[in-house]
Amino acid sequence: MVLTMTATAEKQSNVLFEDQQPTPGDNWAELIEGLSREQKQINPKYFYDQKGSELFEQITLQHEYYPARAEKSILSQHASEIASYCGENCILIEPGSGSCEKVRLLLDKIQPAAYVPLDISADFLYQSAQKLGQEFPWLSIHAICADFSDQWQARTDLENGRRVIFYPGSTIGNMEPNRAQAFLSNLREWIGEDGSVLIGVDLQKSDHLLNAAYNDAKGVTAEFNLNVLNSINSLVNADFNADSFSHHAFYNRALKRIEMHLISQQAQTVTIGDNLIHFDKDEVLHTENSYKYSLESFTALSNAAGFTLEKSWLDEDKLFSVHYLSISKTSTLR
Ligand code: SAH
Ligand code: AVI
């Protein structure tokens with residue numbers, strides 16, 4: 001275990017920080033492979049360098065980005081009932097914890113024995129965990145910087161207790177449905193027979209609301225999308241010029257997903273080490289999908305992954321959903 005002290009936030013005695021951040025070498029092959037496809041694409045995890053994590057926080061404050069507001073209203077309104085499902089003294093694990101903003105709405109009610117935020121964005125995670133530790137001095141925090149998409153090893157060495165995965169934000173929507181199912185299924189190994197999952201999932205709705213949420217008037221989502229090129233530049237020493245691409249996001253109703261793209265404004269060649277990646281004018285780099293579910297399609301997905309949906313909560317406008325899942329009695333761990 002490596003302890004990192006790179007960030008400036010004051011170190012709290014109730015916070016342990018563990019660094020398993022992927023190295024640039026881990027990312028290199030995946031990036032080149034995606035950029036060499038006929039339809040160029042990248043894994044959306046590359047959005048989250050320090051700037052990207054900060055921009056995502058800004059997105060959540062935009063009026064058009066209803067998911068954050070709707071999910072927070074669900075968590076605040078139903079915190080006591082959610083806590084009764086989670087049970088006492090659980091180990092609360094949050095993959096993709098970001099600013100740890102949403103867990104704040106539940107901590108006083110759930111009173112977990114430990115909170116384990118897990119995120120790929122190292123310094124942002126470090127700072128968020130320290131800040132949370134300062135605000136909740138009674139809380140034991142074990143922050144882990146790691147890539148959760150990478151068959152993250154089921155950890156047997158975490159704090160003892162019943163494990164509850166808290167996976168808000170509809171981050172599951174950024175995975176292809178088959179990957180989402182595999183990810184959920186893999187979670188059963190993290191949590192063991194008596195564990196459970198509390199998950200936030202964005203719902204299908206009108207094209208108008210969806211398109212607005214990913215094209216906010218201030219252009220924060222556009223900046224977030226373009227920043228992925230700077231993030232890749234620093235990670236693998238590439239020379240993308242973000243000024244020569246433009247943001248494009250739209251709801252693909254047939255596939256029930258928001259697609260985010262970057263469109264090359266000119267013919268250009270980008271260098272990554274010895275690799276030359278050519279873009280034609282108007283060629284598209286597919287940067288993210290954000291799948292939207294119905295209650296039926298998410299129930300089917302969680303059942304296929306070996307979970308039973310025990311309870312669903314919706315905000316009053318039925319824009320967003322939070323679900324409590326337990327392991328199906330009939331499911332067997334691989
Ligand atoms: N849970 C928070 C943040 C959601 S944004 C909320 O609901 O507001 C998605 C978060 O997942 C970011 O903080 C990002 O850094 C993290 N993330 C994305 N892909 C990841 C990966 N493969 N492994 C670990 N963290 C990842
Ligand atoms: C983190 N994730 C669920 C966000 C989403 O809505 O898909 C990321 C995002 N992309 C653009 N805006 C927000």
# chains A, B, ... in the order shown; residues from 1 in each chain; ligands from 1
$ closest_atom_pairs --of "chain A" --to "ligand 1" --cutoff "8 Å" --atoms "only C-alpha atoms and all ligand atoms" --output "tab-separated table"
residue	atom	partner	partner_atom_place_in_ligand_line	distance
A:Pro44	CA	ligand 1	19 (N)	6.5
A:Lys45	CA	ligand 1	19 (N)	3.8
A:Tyr46	CA	ligand 1	19 (N)	7.4
A:Phe47	CA	ligand 1	15 (O)	7.5
A:Tyr48	CA	ligand 1	15 (O)	4.7
A:Asp49	CA	ligand 1	15 (O)	7.5
A:Ser53	CA	ligand 1	13 (O)	6.0
A:Phe56	CA	ligand 1	5 (S)	6.6
A:Glu57	CA	ligand 1	8 (O)	7.4
A:Thr60	CA	ligand 1	8 (O)	7.4
A:Ala68	CA	ligand 1	8 (O)	6.6
A:Glu94	CA	ligand 1	1 (N)	7.1
A:Pro95	CA	ligand 1	25 (N)	6.1
A:Gly96	CA	ligand 1	11 (O)	3.2
A:Ser97	CA	ligand 1	1 (N)	4.1
A:Gly98	CA	ligand 1	13 (O)	3.3
A:Ser99	CA	ligand 1	2 (C)	6.4
A:Cys100	CA	ligand 1	2 (C)	6.3
A:Glu101	CA	ligand 1	8 (O)	6.4
A:Lys102	CA	ligand 1	8 (O)	6.3
A:Leu118	CA	ligand 1	24 (C)	6.3
A:Asp119	CA	ligand 1	25 (N)	3.8
A:Ile120	CA	ligand 1	24 (C)	4.0
A:Ser121	CA	ligand 1	15 (O)	4.8
A:Leu125	CA	ligand 1	13 (O)	7.8
A:Cys145	CA	ligand 1	24 (C)	7.3
A:Ala146	CA	ligand 1	24 (C)	5.6
A:Asp147	CA	ligand 1	23 (N)	3.4
A:Phe148	CA	ligand 1	23 (N)	3.9
A:Ser149	CA	ligand 1	22 (N)	4.5
A:Asp150	CA	ligand 1	22 (N)	7.0
A:Tyr167	CA	ligand 1	1 (N)	6.4
A:Pro168	CA	ligand 1	7 (O)	4.5
A:Gly169	CA	ligand 1	7 (O)	3.3
A:Ser170	CA	ligand 1	7 (O)	7.0
A:Thr171	CA	ligand 1	9 (C)	5.6
A:Gly200	CA	ligand 1	7 (O)	7.9
$ write_last_selection --atoms "C-alpha atoms" --output "CSV table (one decimal), in the first residue's frame"
chain,number,residue,atom,x,y,z
A,44,PRO,CA,-15.2,8.0,-20.1
A,45,LYS,CA,-13.1,7.4,-17.0
A,46,TYR,CA,-10.5,9.6,-18.8
A,47,PHE,CA,-12.7,12.7,-18.1
A,48,TYR,CA,-11.7,12.7,-14.5
A,49,ASP,CA,-8.3,14.4,-14.1
A,53,SER,CA,-13.6,16.2,-11.5
A,56,PHE,CA,-18.2,17.5,-13.1
A,57,GLU,CA,-19.0,19.2,-9.8
A,60,THR,CA,-24.1,19.1,-11.0
A,68,ALA,CA,-28.0,15.5,-9.3
A,94,GLU,CA,-19.0,4.1,-2.9
A,95,PRO,CA,-17.4,3.4,-6.3
A,96,GLY,CA,-16.9,6.7,-8.2
A,97,SER,CA,-17.4,8.8,-5.1
A,98,GLY,CA,-16.3,12.1,-6.6
A,99,SER,CA,-16.9,14.9,-4.1
A,100,CYS,CA,-18.6,12.5,-1.6
A,101,GLU,CA,-21.4,15.1,-1.7
A,102,LYS,CA,-24.4,12.7,-1.8
A,118,LEU,CA,-13.3,4.6,-4.3
A,119,ASP,CA,-12.3,6.8,-7.2
A,120,ILE,CA,-9.9,7.0,-10.1
A,121,SER,CA,-9.2,10.8,-9.6
A,125,LEU,CA,-10.5,11.9,-3.9
A,145,CYS,CA,-7.8,5.4,-5.5
A,146,ALA,CA,-8.4,2.6,-8.1
A,147,ASP,CA,-10.1,1.8,-11.4
A,148,PHE,CA,-13.4,0.1,-10.6
A,149,SER,CA,-14.0,-1.0,-14.2
A,150,ASP,CA,-10.9,-3.2,-14.1
A,167,TYR,CA,-23.4,3.7,-6.3
A,168,PRO,CA,-25.2,7.0,-7.0
A,169,GLY,CA,-25.1,9.5,-9.9
A,170,SER,CA,-26.3,7.0,-12.5
A,171,THR,CA,-22.6,6.3,-13.1
A,200,GLY,CA,-29.0,5.7,-8.4
$ residues_around --residues "A:Thr308" --least-positions-apart "3" --cutoff "6 Å" --atoms "only C-alpha atoms" --output "list in words"
Asn303, Leu325, Ser326, Ile327 and Ser328 of chain A
$ select_by_dssp --residues "stretch 105-195 of chain A" --states "alpha helix (DSSP H)" --output "PyMOL selection string"
chain A and resi 105-110+122-135+177-191
$ select_by_dssp --residues "stretch 106-276 of chain A" --states "strand (DSSP E or B)" --output "JSON, numbers by chain"
{"A": [114, 115, 116, 117, 118, 119, 141, 142, 143, 144, 145, 163, 164, 165, 166, 167, 196, 197, 198, 199, 200, 201, 202, 203, 238, 245, 246, 247, 248, 249, 250, 251, 252, 257, 258, 259, 260, 261, 262, 263, 264, 268, 269, 270, 271, 272, 275, 276]}
$ closest_atom_pairs --of "chain A" --to "ligand 2" --cutoff "8 Å" --atoms "only C-alpha atoms and all ligand atoms" --output "tab-separated table"
residue	atom	partner	partner_atom_place_in_ligand_line	distance
A:Phe56	CA	ligand 2	13 (C)	6.4
A:Ile59	CA	ligand 2	12 (N)	6.4
A:Thr60	CA	ligand 2	13 (C)	7.7
A:Tyr65	CA	ligand 2	12 (N)	7.6
A:Pro67	CA	ligand 2	6 (O)	7.3
A:Gly169	CA	ligand 2	3 (C)	5.2
A:Ser170	CA	ligand 2	3 (C)	4.6
A:Thr171	CA	ligand 2	3 (C)	3.8
A:Ile172	CA	ligand 2	3 (C)	6.9
A:Gly173	CA	ligand 2	3 (C)	6.0
A:Asn174	CA	ligand 2	7 (O)	5.6
A:Ala213	CA	ligand 2	12 (N)	7.4
A:Tyr214	CA	ligand 2	12 (N)	5.5
A:Thr221	CA	ligand 2	12 (N)	5.6
A:Phe224	CA	ligand 2	11 (C)	7.2
A:Asn225	CA	ligand 2	11 (C)	7.2
A:Ile258	CA	ligand 2	7 (O)	7.7
A:Met260	CA	ligand 2	11 (C)	7.5
A:Glu288	CA	ligand 2	10 (N)	7.1
A:Asn289	CA	ligand 2	7 (O)	6.8
A:Ser290	CA	ligand 2	7 (O)	4.4
A:Tyr291	CA	ligand 2	7 (O)	7.6
$ residues_around --residues "stretch 14-27 of chain A" --least-positions-apart "2" --cutoff "8 Å" --atoms "only C-alpha atoms" --output "PyMOL selection string"
chain A and resi 1-4+11-12+29-31+120+122+126+129-130+133+137-147+235-236
$ decode --residues "stretch 107-154 of chain A" --atoms "C-alpha atoms" --output "CSV table (one decimal), in the first residue's frame"
chain,number,residue,atom,x,y,z
A,107,LEU,CA,-24.4,9.5,7.0
A,108,ASP,CA,-26.2,10.7,10.1
A,109,LYS,CA,-29.0,8.3,9.5
A,110,ILE,CA,-27.0,5.2,8.3
A,111,GLN,CA,-24.1,5.7,10.9
A,112,PRO,CA,-21.9,3.3,9.0
A,113,ALA,CA,-19.0,1.5,10.8
A,114,ALA,CA,-16.8,2.7,7.9
A,115,TYR,CA,-17.1,4.6,4.6
A,116,VAL,CA,-15.0,3.5,1.7
A,117,PRO,CA,-14.9,6.1,-1.2
A,118,LEU,CA,-13.3,4.6,-4.3
A,119,ASP,CA,-12.3,6.8,-7.2
A,120,ILE,CA,-9.9,7.0,-10.1
A,121,SER,CA,-9.2,10.8,-9.6
A,122,ALA,CA,-6.4,10.6,-7.0
A,123,ASP,CA,-6.0,14.2,-5.7
A,124,PHE,CA,-9.7,15.0,-5.9
A,125,LEU,CA,-10.5,11.9,-3.9
A,126,TYR,CA,-7.8,12.7,-1.3
A,127,GLN,CA,-9.2,16.2,-0.9
A,128,SER,CA,-12.8,15.1,-0.8
A,129,ALA,CA,-12.1,12.4,1.8
A,130,GLN,CA,-10.1,14.8,4.1
A,131,LYS,CA,-12.9,17.4,3.9
A,132,LEU,CA,-15.5,14.7,4.7
A,133,GLY,CA,-13.4,13.5,7.6
A,134,GLN,CA,-13.2,17.0,9.0
A,135,GLU,CA,-17.0,17.4,8.8
A,136,PHE,CA,-17.8,13.9,10.2
A,137,PRO,CA,-15.1,13.4,12.8
A,138,TRP,CA,-16.8,10.2,14.1
A,139,LEU,CA,-16.7,8.6,10.7
A,140,SER,CA,-13.9,6.1,9.8
A,141,ILE,CA,-13.0,6.7,6.2
A,142,HIS,CA,-10.9,4.4,4.1
A,143,ALA,CA,-10.4,6.1,0.7
A,144,ILE,CA,-9.1,4.0,-2.2
A,145,CYS,CA,-7.8,5.4,-5.5
A,146,ALA,CA,-8.4,2.6,-8.1
A,147,ASP,CA,-10.1,1.8,-11.4
A,148,PHE,CA,-13.4,0.1,-10.6
A,149,SER,CA,-14.0,-1.0,-14.2
A,150,ASP,CA,-10.9,-3.2,-14.1
A,151,GLN,CA,-12.3,-6.3,-12.5
A,152,TRP,CA,-11.3,-4.6,-9.3
A,153,GLN,CA,-10.3,-7.3,-6.9
A,154,ALA,CA,-13.0,-8.3,-4.3
